[in-house]
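Below is one structure, written out as structure tokens, with a few remarks after it.
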Amino acid sequence: MLSDRELEQYSRQLMLPDFTLEYQELLRDAWVLVVGCGGLGSPLAIYLAAAGVGRLILADGDTVERTNLHRQILHGEGDIGRSKAASAAALISAHYPDCRVSQFTERLEDEALAQAVNSVQLVADGTDNYPTRFALNRACIRAGKPLVSAAAARSEGQLATFDVAGGGACYRCLYPREGAATALSCRDNGVLGPVVGVLGTLQALEVIKVLTGWGESLRSRVLMLDLKTYAQSIIQVERRADCPDCGEGLGSGFGF
Ligand SMILES: [Zn+2]
């Protein structure tokens, strides 16, 4: 049951004819791990907390730098030098006290990563490097959790959901070879702030879809956007039998 205050707070999304009270309760009861509290993680965490997601784990091992401020809207002038996860948790807690926030201020890896992934229903990847993306993919496969993955650099972005437990492809089915993916990071390639903001906002929408079942999600599909021209396309990702992370012959241990 939702309280009168909750009904008031979320009334505008509950007005949608097909967004039910049950969906709102699913959001309230959901735990989501947000990895990366930067350009993608900022709108992602804000919109998830604002929509009524009950628990967020915010993870980022970096500290806020001045070069982050044009796009990482969780952080401001006074946060320079501060842990991004701590800065993010403080803003989310202040604005959305109903959202219970945990923070990881170290880089999430190995056993800590496995534990964090196991404790949530869904993982949202807003990181900017492939070793972390691949590690998150393996942890999600092992734990049987869906992974909502976004990326943005320059004027381009992409968004997808990988759900191996649900019969779908994984992130490595898209990028099977180490180094095959061209690592586009904002640090090396630049980005306009609103570009990464659009992708982080779409990522929040996708998380809400996967958690509730509302609308059509991007399971095993990649939405590709070039916001310079507004060109967009969606490609299907097939599960690969020879995928290094989810392919056949790996047994239950997935070989890592
Ligand atoms: Zn795979």
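As shown in the structure tokens, the chain order sets the letters A, B, ...; within each chain, residues go from 1, and ligands are also counted from 1 in the order they appear.
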
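Every protein, DNA or RNA residue with an atom at most 8 Å from stretch 87-92 of chain A, where only C-alpha atoms count and chain neighbours fewer than 2 positions away do not, is listed here: Cys37, Ser42, Ala45, Ile46, Ala49, Leu58, Leu74, His75, Asp79, Arg82, Ser83, Lys84, Ala85, Ala94, His95, Tyr96, Pro97, Cys99, Val101, Ser102 and Gln103 of chain A.
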
Quiz item: Neighbours of ligand 1 within 10 Å, counting only C-alpha atoms and all ligand atoms, as a list in words?
Solution: Asn137, Arg138, Ile141, Phe162, Asp163, Val164, Gly168, Ala169, Cys170, Tyr171, Arg172, Cys173, Leu174, Tyr175, Pro176, Val237, Glu238, Arg239, Arg240, Ala241, Asp242, Cys243, Pro244, Asp245, Cys246, Gly247 and Glu248 of chain A

Store the residues of this selection in a file with C-alpha atoms, as a CSV table (one decimal), in the first residue's frame.
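To be explicit, this is the file written out as again.csv:
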chain,number,residue,atom,x,y,z
A,137,ASN,CA,28.7,-7.9,-17.1
A,138,ARG,CA,30.3,-11.0,-15.6
A,141,ILE,CA,25.6,-13.0,-15.3
A,162,PHE,CA,21.3,-7.3,-21.0
A,163,ASP,CA,19.5,-10.1,-19.2
A,164,VAL,CA,21.1,-13.5,-19.6
A,168,GLY,CA,18.9,-12.6,-23.6
A,169,ALA,CA,22.4,-11.6,-24.8
A,170,CYS,CA,25.1,-10.1,-22.6
A,171,TYR,CA,27.3,-7.1,-23.0
A,172,ARG,CA,30.2,-9.3,-24.2
A,173,CYS,CA,27.9,-10.8,-26.9
A,174,LEU,CA,28.0,-7.2,-28.3
A,175,TYR,CA,31.8,-6.8,-27.7
A,176,PRO,CA,33.2,-10.4,-27.8
A,237,VAL,CA,22.0,-8.3,-30.2
A,238,GLU,CA,22.0,-12.0,-30.6
A,239,ARG,CA,23.4,-14.3,-27.8
A,240,ARG,CA,26.6,-15.8,-29.0
A,241,ALA,CA,27.4,-19.4,-28.4
A,242,ASP,CA,31.1,-18.5,-28.3
A,243,CYS,CA,30.6,-15.5,-26.0
A,244,PRO,CA,33.6,-15.4,-23.5
A,245,ASP,CA,31.2,-14.5,-20.7
A,246,CYS,CA,27.8,-16.2,-21.3
A,247,GLY,CA,28.6,-18.7,-24.0
A,248,GLU,CA,28.3,-22.5,-24.0

Quiz item: What lies within 7 Å of A:Ala152 using only C-alpha atoms, ignoring chain neighbours under 6 positions off, as a ChimeraX atom specification?
Solution: /A:158,196,199

Practice problem: Could you jot down the atom CA of A:Gly39 to atom CA of A:Arg71 separation for me, Å, one decimal place? | Solution: 5.3 Å

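Across the model, the gap from atom CA of A:Ile57 to atom CA of A:Ala116 is 7.9 Å.
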
Exercise. Determine, counting only C-alpha atoms, which protein, DNA and RNA residues have an atom within 10 Å of an atom of A:Asn118; residues of the same chain fewer than 2 positions away are not included. Present the result as a PyMOL selection string.
Key: chain A and resi 33+112-116+120-123+139-140+142-145

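Here atom CA of A:Met15 is placed at a distance of 19.3 Å from atom CA of A:Glu206.
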
Quiz item: Contacts of A:Ile80 at 12 Å or less, counting only C-alpha atoms, minus same-chain residues fewer than 4 places along, as a ChimeraX atom specification?
Solution: /A:62-69,72,74-76,84,86-87
